[in-house]
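Coordinates from query-v1.cif are shown below (mmCIF, C-alpha atoms).
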data_target
#
loop_
_atom_site.label_atom_id
_atom_site.label_comp_id
_atom_site.auth_asym_id
_atom_site.auth_seq_id
_atom_site.Cartn_x
_atom_site.Cartn_y
_atom_site.Cartn_z
CA MET A 918 102.57 93.76 19.79
CA ASP A 919 104.16 90.40 18.97
CA ILE A 920 104.85 89.03 22.45
CA HIS A 921 106.75 86.01 21.11
CA GLN A 922 109.80 88.12 20.29
CA PHE A 923 109.97 88.83 24.03
CA ASP A 924 109.37 85.28 25.26
CA ASP A 925 112.61 85.17 27.25
CA ILE A 926 111.86 88.33 29.28
CA ARG A 927 108.10 88.88 29.37
CA PRO A 928 105.66 87.88 32.12
CA TYR A 929 103.52 84.81 31.65
CA THR A 930 100.23 85.21 29.81
CA ASP A 931 96.91 83.89 31.12
CA SER A 932 97.29 80.82 28.90
CA GLU A 933 100.53 79.91 30.69
CA VAL A 934 99.29 80.36 34.25
CA ALA A 935 97.70 76.92 34.78
CA GLU A 936 100.94 75.02 34.05
CA ALA A 937 102.98 77.49 36.12
CA VAL A 938 100.79 77.16 39.22
CA GLU A 939 100.85 73.38 38.90
CA ARG A 940 104.65 73.50 39.06
CA ILE A 941 104.52 75.91 42.01
CA ALA A 942 101.98 73.74 43.83
CA ALA A 943 104.16 70.64 43.40
CA ASN A 944 107.24 72.27 44.96
CA PRO A 945 108.19 71.08 48.49
CA LEU A 946 108.73 74.70 49.55
CA LEU A 947 105.01 75.34 49.27
CA GLU A 948 104.41 73.79 52.70
CA ASN A 949 106.68 76.37 54.37
CA ILE A 950 104.97 79.21 52.53
CA SER A 951 101.57 77.88 53.56
CA SER A 952 102.66 77.68 57.21
CA TYR A 953 103.68 81.34 57.11
CA LEU A 954 100.51 82.57 55.40
CA PHE A 955 98.02 80.29 57.10
CA PRO A 956 99.56 79.05 60.37
CA GLY A 957 97.84 75.98 61.76
CA LYS A 958 95.98 75.20 58.55
CA ASP A 959 96.44 72.20 56.28
CA PRO A 960 98.82 73.13 53.41
CA ALA A 961 96.43 71.28 51.09
CA VAL A 962 94.00 74.19 51.46
CA PHE A 963 96.61 76.65 50.19
CA ARG A 964 97.58 74.27 47.41
CA GLN A 965 93.97 74.12 46.23
CA LEU A 966 93.71 77.92 46.37
CA LEU A 967 96.83 78.14 44.23
CA LEU A 968 95.52 75.60 41.71
CA SER A 969 92.29 77.57 41.40
CA CYS A 970 94.25 80.42 39.77
CA LYS A 971 93.55 80.36 36.05
CA THR A 972 94.72 83.87 35.11
CA VAL A 973 97.44 86.31 36.12
CA GLU A 974 94.82 88.43 37.88
CA ASP A 975 93.66 85.37 39.84
CA PHE A 976 97.21 84.78 41.05
CA GLN A 977 97.73 88.41 42.01
CA VAL A 978 94.42 88.72 43.86
CA LYS A 979 94.21 85.30 45.53
CA ILE A 980 97.90 84.79 46.31
CA MET A 981 100.13 87.85 46.04
CA ALA A 982 97.75 90.38 47.58
CA GLN A 983 97.41 88.09 50.60
CA VAL A 984 101.16 87.52 50.82
CA VAL A 985 102.01 91.24 50.78
CA ALA A 986 99.17 92.12 53.17
CA LYS A 987 100.46 89.41 55.54
CA ILE A 988 103.99 90.81 55.41
CA LEU A 989 102.78 94.35 56.06
CA SER A 990 100.51 93.33 58.93
CA GLY A 991 103.45 91.71 60.70
CA THR A 992 106.25 94.17 59.94
CA SER A 993 104.71 97.64 59.59
CA LYS A 994 102.54 100.04 61.58
CA SER A 995 100.74 101.80 58.73
CA LEU A 996 100.67 102.27 54.98
CA THR A 997 99.60 105.67 53.67
CA ILE A 998 99.12 106.72 50.06
CA GLY A 999 99.10 110.00 48.15
CA GLY A 1000 98.66 111.04 44.53
CA ILE A 1001 96.18 108.40 43.38
CA SER A 1002 94.30 111.20 41.60
CA ASN A 1003 97.26 111.53 39.21
CA PHE A 1004 96.18 108.30 37.50
CA GLU A 1005 93.99 108.94 34.47
CA ALA A 1006 91.37 106.23 33.98
CA GLY A 1007 92.47 103.68 31.40
CA LYS A 1008 95.86 105.29 30.78
CA LYS A 1009 99.09 103.36 31.19
CA TYR A 1010 102.28 104.73 32.73
CA LEU A 1011 105.94 103.97 33.25
CA ILE A 1012 106.17 104.34 37.03
CA ILE A 1013 109.73 105.17 38.10
CA THR A 1014 110.44 105.03 41.84
CA ASN A 1015 113.31 105.21 44.24
CA HIS A 1016 114.60 101.77 45.19
CA ARG A 1017 114.99 100.90 48.88
CA ASP A 1018 113.95 97.24 49.12
CA ILE A 1019 114.58 94.47 46.59
CA VAL A 1020 111.08 92.97 46.68
CA LEU A 1021 108.77 95.20 48.68
CA ASP A 1022 109.06 98.46 46.71
CA SER A 1023 107.22 97.03 43.73
CA ALA A 1024 105.15 94.52 45.72
CA ILE A 1025 103.57 97.20 47.91
CA ILE A 1026 102.82 99.36 44.88
CA GLN A 1027 101.00 96.42 43.28
CA LEU A 1028 98.89 95.99 46.41
CA VAL A 1029 98.09 99.71 46.52
CA LEU A 1030 96.99 99.78 42.89
CA HIS A 1031 94.86 96.67 43.39
CA ARG A 1032 93.15 98.21 46.42
CA HIS A 1033 92.35 101.35 44.41
CA ASN A 1034 90.95 99.40 41.45
CA ILE A 1035 93.83 100.45 39.17
CA GLN A 1036 95.34 97.77 36.93
CA THR A 1037 98.59 96.52 38.43
CA THR A 1038 101.85 97.12 36.61
CA GLU A 1039 104.36 94.76 35.14
CA ILE A 1040 107.60 94.78 37.16
CA ALA A 1041 111.17 95.02 35.85
CA VAL A 1042 113.38 92.71 37.96
CA GLY A 1043 117.02 91.71 37.51
CA ASP A 1044 117.55 88.07 36.55
CA ASN A 1045 120.24 87.83 39.26
CA LEU A 1046 117.35 87.54 41.73
CA ILE A 1047 115.77 84.61 39.85
CA SER A 1048 117.64 81.83 41.60
CA SER A 1049 115.47 78.87 40.61
CA SER A 1050 112.68 77.76 38.28
CA PHE A 1051 110.35 77.91 41.31
CA ILE A 1052 111.12 81.62 41.84
CA GLU A 1053 110.83 82.26 38.11
CA ASP A 1054 107.37 80.69 37.97
CA ILE A 1055 106.19 82.80 40.89
CA THR A 1056 107.63 86.08 39.62
CA ARG A 1057 106.63 85.71 35.98
CA THR A 1058 103.10 84.74 37.00
CA ASN A 1059 103.20 87.95 39.05
CA LYS A 1060 103.91 90.14 35.98
CA MET A 1061 107.70 90.17 36.20
CA ILE A 1062 109.77 91.40 33.25
CA LYS A 1063 113.20 89.80 33.37
CA VAL A 1064 116.05 92.32 33.16
CA MET A 1065 119.06 90.40 31.84
CA ARG A 1066 122.13 91.06 33.99
CA ASN A 1067 123.95 87.73 34.03
CA ILE A 1068 125.25 88.28 30.51
CA THR A 1069 128.51 89.21 28.82
CA PRO A 1070 129.37 92.84 28.01
CA ARG A 1071 128.87 92.04 24.32
CA GLU A 1072 125.29 90.96 25.02
CA VAL A 1073 124.33 94.02 27.06
CA TYR A 1074 123.40 96.25 24.11
CA ALA A 1075 121.01 93.75 22.52
CA ALA A 1076 119.41 92.95 25.88
CA SER A 1077 118.95 96.65 26.66
CA GLN A 1078 117.43 97.24 23.23
CA LYS A 1079 114.94 94.40 23.72
CA LEU A 1080 113.94 95.59 27.20
CA SER A 1081 113.50 99.12 25.91
CA GLN A 1082 111.30 97.92 23.06
CA TYR A 1083 109.16 95.83 25.38
CA ILE A 1084 108.60 98.69 27.82
CA ARG A 1085 107.77 101.17 25.06
CA GLN A 1086 105.37 98.87 23.25
CA SER A 1087 103.60 97.92 26.48
CA VAL A 1088 103.03 101.50 27.64
CA ALA A 1089 102.53 103.21 24.28
CA SER A 1090 100.02 100.60 23.11
CA ASN A 1091 98.11 100.97 26.39
CA LYS A 1092 98.67 97.28 27.10
CA SER A 1093 100.13 97.65 30.57
CA SER A 1094 101.78 100.08 32.96
CA ILE A 1095 105.29 99.13 34.04
CA TRP A 1096 107.26 99.69 37.24
CA ILE A 1097 111.00 100.24 37.08
CA ALA A 1098 113.48 101.48 39.66
CA GLN A 1099 115.34 104.74 39.04
CA ARG A 1100 118.65 102.89 39.23
CA ASN A 1101 120.22 99.46 38.93
CA GLY A 1102 120.29 98.11 42.45
CA ARG A 1103 118.99 99.62 45.67
CA THR A 1104 119.97 103.01 47.04
CA LYS A 1105 122.45 102.09 49.75
CA ASP A 1106 123.20 105.53 51.23
CA GLY A 1107 119.72 107.06 51.32
CA TRP A 1108 120.49 109.35 48.38
CA ASP A 1109 117.81 108.77 45.73
CA MET A 1110 119.13 109.68 42.28
CA THR A 1111 118.02 108.51 38.83
CA GLU A 1112 120.77 106.89 36.80
CA GLN A 1113 121.06 108.40 33.36
CA GLY A 1114 121.82 104.92 32.05
CA VAL A 1115 118.24 103.87 32.81
CA LEU A 1116 116.91 106.78 30.76
CA LYS A 1117 119.31 106.08 27.90
CA MET A 1118 118.10 102.48 27.87
CA LEU A 1119 114.50 103.68 27.62
CA ASP A 1120 115.42 105.99 24.73
CA MET A 1121 117.05 103.20 22.71
CA SER A 1122 113.74 102.05 21.22
CA GLY A 1123 112.45 105.51 20.32
CA GLU A 1124 111.92 106.33 16.68
CA GLY A 1125 111.11 110.03 17.08
CA ASP A 1126 112.79 112.98 18.71
CA PHE A 1127 113.53 113.28 22.43
CA VAL A 1128 110.12 114.77 23.29
CA GLN A 1129 108.20 112.13 21.33
CA ASN A 1130 110.28 109.25 22.65
CA PHE A 1131 109.76 110.07 26.31
CA GLY A 1132 106.27 111.44 25.82
CA GLN A 1133 105.19 107.98 24.66
CA LEU A 1134 106.30 106.53 27.97
CA SER A 1135 104.06 108.70 30.19
CA ILE A 1136 106.62 108.71 33.01
CA MET A 1137 105.09 108.93 36.49
CA PRO A 1138 107.70 109.29 39.23
CA ALA A 1139 106.72 107.96 42.65
CA SER A 1140 108.42 107.85 46.04
CA ILE A 1141 108.35 105.11 48.64
CA SER A 1142 109.40 105.98 52.18
CA TYR A 1143 110.08 103.55 55.02
CA GLU A 1144 110.31 104.78 58.61
CA PHE A 1145 112.94 102.09 59.25
CA GLU A 1146 115.16 101.51 56.24
CA PRO A 1147 115.03 97.90 55.00
CA CYS A 1148 118.41 96.20 55.49
CA ASP A 1149 119.86 99.41 56.99
CA VAL A 1150 122.75 97.78 58.81
CA LEU A 1151 123.55 95.48 55.86
CA LYS A 1152 123.73 98.52 53.59
CA ALA A 1153 125.96 100.37 56.07
CA VAL A 1154 128.39 97.45 56.27
CA GLU A 1155 128.54 97.18 52.47
CA LEU A 1156 129.32 100.89 52.15
CA TYR A 1157 131.94 100.65 54.90
CA ILE A 1158 133.72 97.74 53.22
CA SER A 1159 133.44 99.36 49.78
CA LYS A 1160 135.49 102.33 51.03
CA ARG A 1161 138.38 99.96 51.70
CA ARG A 1162 138.26 97.41 48.91
CA LYS A 1163 136.10 96.09 46.11
CA TYR A 1164 132.94 94.71 47.65
CA VAL A 1165 132.22 91.12 46.64
CA LYS A 1166 128.82 89.65 47.45
CA SER A 1167 128.83 86.44 49.43
CA LYS A 1168 126.92 83.37 48.33
CA ASP A 1169 123.16 83.80 48.81
CA GLU A 1170 123.63 87.46 49.84
CA ASP A 1171 120.78 88.62 47.59
CA LEU A 1172 118.48 86.01 49.13
CA ASN A 1173 119.50 87.12 52.62
CA SER A 1174 118.77 90.75 51.72
CA ILE A 1175 115.36 89.76 50.32
CA LEU A 1176 114.42 87.86 53.46
CA THR A 1177 115.80 90.56 55.78
CA GLY A 1178 113.88 93.27 53.93
CA ILE A 1179 110.68 91.26 54.14
CA MET A 1180 110.96 90.28 57.81
CA GLN A 1181 112.53 93.42 59.28
CA PHE A 1182 110.23 95.86 61.09
CA LYS A 1183 109.58 98.81 58.79
CA GLY A 1184 107.38 101.02 60.95
CA ASN A 1185 105.30 103.43 58.88
CA ILE A 1186 105.39 103.32 55.08
CA HIS A 1187 104.27 106.01 52.64
CA ILE A 1188 103.90 105.92 48.86
CA GLU A 1189 103.34 109.09 46.84
CA PHE A 1190 102.47 109.00 43.13
CA THR A 1191 103.38 112.31 41.49
CA GLU A 1192 102.24 114.26 38.48
CA PRO A 1193 103.63 112.65 35.30
CA ILE A 1194 106.55 114.32 33.54
CA THR A 1195 105.10 117.06 31.31
CA GLY A 1196 105.67 117.91 27.68
CA GLU A 1197 107.10 121.25 28.78
CA GLU A 1198 109.72 119.50 30.90
CA LEU A 1199 110.64 117.21 28.02
CA ALA A 1200 110.89 120.19 25.66
CA ALA A 1201 113.19 121.98 28.12
CA ALA A 1202 115.42 118.88 28.24
CA ALA A 1203 115.38 118.54 24.44
CA SER A 1204 116.62 122.13 24.01
CA LEU A 1205 119.90 121.23 25.73
CA ASP A 1206 123.02 119.60 24.34
CA LYS A 1207 122.67 115.85 23.88
CA ASN A 1208 124.76 115.00 26.93
CA GLU A 1209 122.71 117.36 29.11
CA ARG A 1210 119.26 116.12 28.08
CA PHE A 1211 119.27 112.96 30.12
CA LYS A 1212 120.77 114.79 33.10
CA HIS A 1213 117.95 117.34 32.97
CA LEU A 1214 115.24 114.69 32.71
CA ALA A 1215 116.82 112.73 35.56
CA GLY A 1216 116.71 115.92 37.61
CA CYS A 1217 112.98 116.34 36.91
CA ILE A 1218 112.33 112.80 38.15
CA ASP A 1219 114.59 113.24 41.18
CA ARG A 1220 112.88 116.44 42.28
CA ARG A 1221 109.50 114.74 42.28
CA ILE A 1222 110.79 111.72 44.19
CA CYS A 1223 112.87 113.63 46.74
CA SER A 1224 110.26 116.34 47.35
CA THR A 1225 107.52 113.78 48.07
CA TYR A 1226 109.66 111.36 50.08
CA LYS A 1227 108.00 111.39 53.49
CA LEU A 1228 110.49 112.41 56.15
CA TRP A 1229 110.02 110.55 59.42
CA LYS A 1230 111.28 111.47 62.90
CA ASN A 1231 114.18 109.08 62.38
CA ASN A 1232 115.39 111.10 59.41
CA TYR A 1233 115.44 114.36 61.36
CA ILE A 1234 117.02 112.74 64.42
CA ALA A 1235 119.83 111.20 62.35
CA LYS A 1236 120.54 114.57 60.72
CA ASP A 1237 120.71 116.31 64.10
CA ILE A 1238 122.98 113.63 65.60
CA LEU A 1239 125.39 114.07 62.70
CA SER A 1240 125.37 117.87 62.77
CA GLY A 1241 125.20 118.21 66.54
CA LYS A 1242 123.07 121.34 66.09
CA GLY A 1243 119.53 120.26 66.92
CA GLU A 1244 118.27 122.08 63.83
CA TYR A 1245 115.20 119.83 63.58
CA ALA A 1246 114.52 119.36 67.29
CA ASP A 1247 110.95 120.60 66.81
CA LYS A 1248 110.23 117.53 64.66
CA TYR A 1249 110.64 114.98 67.48
CA THR A 1250 110.73 114.55 71.25
CA GLN A 1251 113.65 113.60 73.44
CA ALA A 1252 111.99 110.22 73.93
CA ASP A 1253 111.91 109.77 70.14
CA ARG A 1254 115.61 110.57 69.94
CA SER A 1255 116.50 108.20 72.76
CA ALA A 1256 114.52 105.42 71.10
CA PHE A 1257 116.35 105.92 67.79
CA GLU A 1258 119.73 106.04 69.54
CA ASP A 1259 118.87 102.75 71.23
CA TYR A 1260 117.88 101.33 67.83
CA LEU A 1261 121.21 102.48 66.37
CA LYS A 1262 123.18 100.82 69.18
CA TYR A 1263 121.17 97.62 68.88
CA LYS A 1264 121.70 97.38 65.12
CA LEU A 1265 125.43 98.05 65.26
CA SER A 1266 125.95 95.69 68.21
CA SER A 1267 125.45 92.74 65.85
CA VAL A 1268 128.19 93.91 63.46
CA GLU A 1269 131.82 92.92 63.51
CA VAL A 1270 134.08 94.96 61.24
CA GLU A 1271 137.75 95.73 61.32
CA GLY A 1272 138.59 99.37 61.88
CA ASP A 1273 136.56 102.40 62.84
CA MET A 1274 133.13 101.75 64.38
CA TYR A 1275 132.58 105.51 64.57
CA GLU A 1276 132.80 105.67 60.77
CA LEU A 1277 130.34 102.78 60.44
CA GLU A 1278 127.94 104.60 62.76
CA ASN A 1279 128.19 107.74 60.60
CA ILE A 1280 127.44 105.73 57.48
CA PHE A 1281 124.40 104.22 59.18
CA LEU A 1282 123.17 107.65 60.29
CA ASN A 1283 123.65 109.11 56.82
CA ILE A 1284 121.31 106.49 55.35
CA TYR A 1285 118.58 108.15 57.43
CA ALA A 1286 119.84 111.74 57.23
CA ASN A 1287 120.41 112.03 53.48
CA PRO A 1288 116.71 112.28 52.54
CA VAL A 1289 116.62 115.45 54.69
CA VAL A 1290 119.74 116.83 52.96
CA ASN A 1291 118.39 115.85 49.54
CA ARG A 1292 115.00 117.54 50.00
CA PRO A 1293 114.57 120.18 47.22
#
What is this structure when it is put down as structure tokens?
Amino acid sequence: MDIHQFDDIRPYTDSEVAEAVERIAANPLLENISSYLFPGKDPAVFRQLLLSCKTVEDFQVKIMAQVVAKILSGTSKSLTIGGISNFEAGKKYLIITNHRDIVLDSAIIQLVLHRHNIQTTEIAVGDNLISSSFIEDITRTNKMIKVMRNITPREVYAASQKLSQYIRQSVASNKSSIWIAQRNGRTKDGWDMTEQGVLKMLDMSGEGDFVQNFGQLSIMPASISYEFEPCDVLKAVELYISKRRKYVKSKDEDLNSILTGIMQFKGNIHIEFTEPITGEELAAAASLDKNERFKHLAGCIDRRICSTYKLWKNNYIAKDILSGKGEYADKYTQADRSAFEDYLKYKLSSVEVEGDMYELENIFLNIYANPVVNRP
């Protein structure tokens, strides 16, 4: 694999880490990061720890694992894992997950793999989130693959082709596993569905038939479930506005969503790695008309993700509030329901929108209820 043809999108190599961490260490923002990670300690200690990183693995173990663990310790109750046995020793995978939080979905998965002595993945991230050279140094040292989005329509095909080639060569050559979300952008309404466009992008670099092309990628779907949806009220407001007019992001909105997702209380979190997509499933997809193949494969991925998404009490409560039937009343207590209703009121009390607050409340509730509806 000639990595130089991918220099504009690939993660940094070990030989590039020393210069990158020197730039990171020299940034004035480092003092704020140090204060968050190591309150009361001299930032010089953190700076020296950073400068001791000579490889990508050093950076992930010494810095990123501590950062993510710190975030989880302050904003979650528990992190549970399932399906680790689906990883075959030494084999690389394309891990496709639902997408609920901009940063934490992939970050938590990296921490989980590290803790289970499985090589961490490279991470496909949109370049719209790379707002500065400081952020780029951090993310590319942390195995980020840059997904080009701030480009013209004429450039999209070439960029998609290059990304597809990089992913295929990385996984098929057993160089590295890769994480990618099942869709461009987060799920806003709680309805996890794989975009066929993502699968068509992956197929662009294939040189064989449908079964060979996707078989090379060793697709492992995985689900990530948060008890309290990251940015739930922000997502509800966006959906509410989008029903009335074209939604236009405000300045620094992505950064605000990143910070909100990181700092918001998430309760319990569960990640489930599923059995990889089988040759039989790919053959069944390949037997269909061309336009139906990607739909069938997307359905295979969705069933794994939606069937292993851990349903929390909040999900059942939201569904019962919307239906008014109490169908899932055996899944929670009245105290649980009262607590969630209080949470709902608290979240919506901070929102000012023109129009129907009842509709906004329904949108908010559906974010939590849809995983119940979508369960296979």
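Distance check against A:Asp1253 using all atoms listed in the file: of A:Asp1273, A:Val1042, A:Lys1230, A:Ser1204, the minimum falls on A:Lys1230.
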> What does the PyMOL selection byres ((chain A and resi 1038) around 8) select in this file, as a list of chain:residue names?
Replying inline: A:Gln1027, A:Gln1036, A:Thr1037, A:Glu1039, A:Ile1040, A:Lys1060, A:Ser1093, A:Ser1094, A:Ile1095, A:Trp1096
Since we have the selection now, will you write its residues out, keeping C-alpha atoms, as a compact mmCIF listing (two decimals), keeping the file's coordinate frame?
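What landed in result-v3.txt:
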# COMPACT_ATOMS: atom_id res chain seq x y z
CA GLN A 1027 101.00 96.42 43.28
CA GLN A 1036 95.34 97.77 36.93
CA THR A 1037 98.59 96.52 38.43
CA GLU A 1039 104.36 94.76 35.14
CA ILE A 1040 107.60 94.78 37.16
CA LYS A 1060 103.91 90.14 35.98
CA SER A 1093 100.13 97.65 30.57
CA SER A 1094 101.78 100.08 32.96
CA ILE A 1095 105.29 99.13 34.04
CA TRP A 1096 107.26 99.69 37.24
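Note that the spacing between atom CA of A:Arg1103 and atom CA of A:Asp1018 amounts to 6.6 Å.
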List as JSON lines every residue of stretch 1044-1078 of chain A that is in contact with stretch 932-947 of chain A, defined as an atom at most 10 Å from one of its atoms (using all atoms listed in the file), together with the nearest atom pair and the distance in Å rounded to one decimal, sorted by chain and then rising number.
{"residue": "A:Ser1050", "atom": "CA", "partner": "A:Arg940", "partner_atom": "CA", "distance": 9.1}
{"residue": "A:Phe1051", "atom": "CA", "partner": "A:Ile941", "partner_atom": "CA", "distance": 6.2}
{"residue": "A:Ile1052", "atom": "CA", "partner": "A:Ile941", "partner_atom": "CA", "distance": 8.7}
{"residue": "A:Glu1053", "atom": "CA", "partner": "A:Ala937", "partner_atom": "CA", "distance": 9.4}
{"residue": "A:Asp1054", "atom": "CA", "partner": "A:Ala937", "partner_atom": "CA", "distance": 5.7}
{"residue": "A:Ile1055", "atom": "CA", "partner": "A:Ile941", "partner_atom": "CA", "distance": 7.2}
{"residue": "A:Arg1057", "atom": "CA", "partner": "A:Ala937", "partner_atom": "CA", "distance": 9.0}
{"residue": "A:Thr1058", "atom": "CA", "partner": "A:Val934", "partner_atom": "CA", "distance": 6.4}
{"residue": "A:Asn1059", "atom": "CA", "partner": "A:Val934", "partner_atom": "CA", "distance": 9.8}
Using all atoms listed in the file, what does the table of stretch 1258-1277 of chain A residues within 9 Å of stretch 1150-1159 of chain A look like, with each row giving the shortest atom pair and its distance in Å to one decimal, sorted by chain and ascending number, as a Markdown table?
| residue | atom | partner | partner_atom | distance |
| --- | --- | --- | --- | --- |
| A:Lys1264 | CA | A:Val1150 | CA | 6.4 |
| A:Leu1265 | CA | A:Val1150 | CA | 7.0 |
| A:Val1268 | CA | A:Val1154 | CA | 8.0 |
| A:Val1270 | CA | A:Val1154 | CA | 8.0 |
| A:Glu1276 | CA | A:Tyr1157 | CA | 7.8 |
| A:Leu1277 | CA | A:Tyr1157 | CA | 6.1 |
> How would you write, as a PyMOL selection string, the residues chosen by the PyMOL selection byres ((chain A and resi 1122) around 6) on this structure?
Replying inline: chain A and resi 1081-1082+1120-1121+1123
> Applied to this file, what does the PyMOL selection byres ((chain A and resi 976) around 10) return in terms of residues, put as an MDAnalysis selection string?
Replying inline: chainID A and resid 931 934 938 966:975 977:982 1055 1058:1060
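Counting from atom CA of A:Lys1236, the distance to atom CA of A:Glu1146 is 14.8 Å.
The interatomic distance for the pair atom CA of A:Val1064 and atom CA of A:Leu1214 works out to 22.4 Å.
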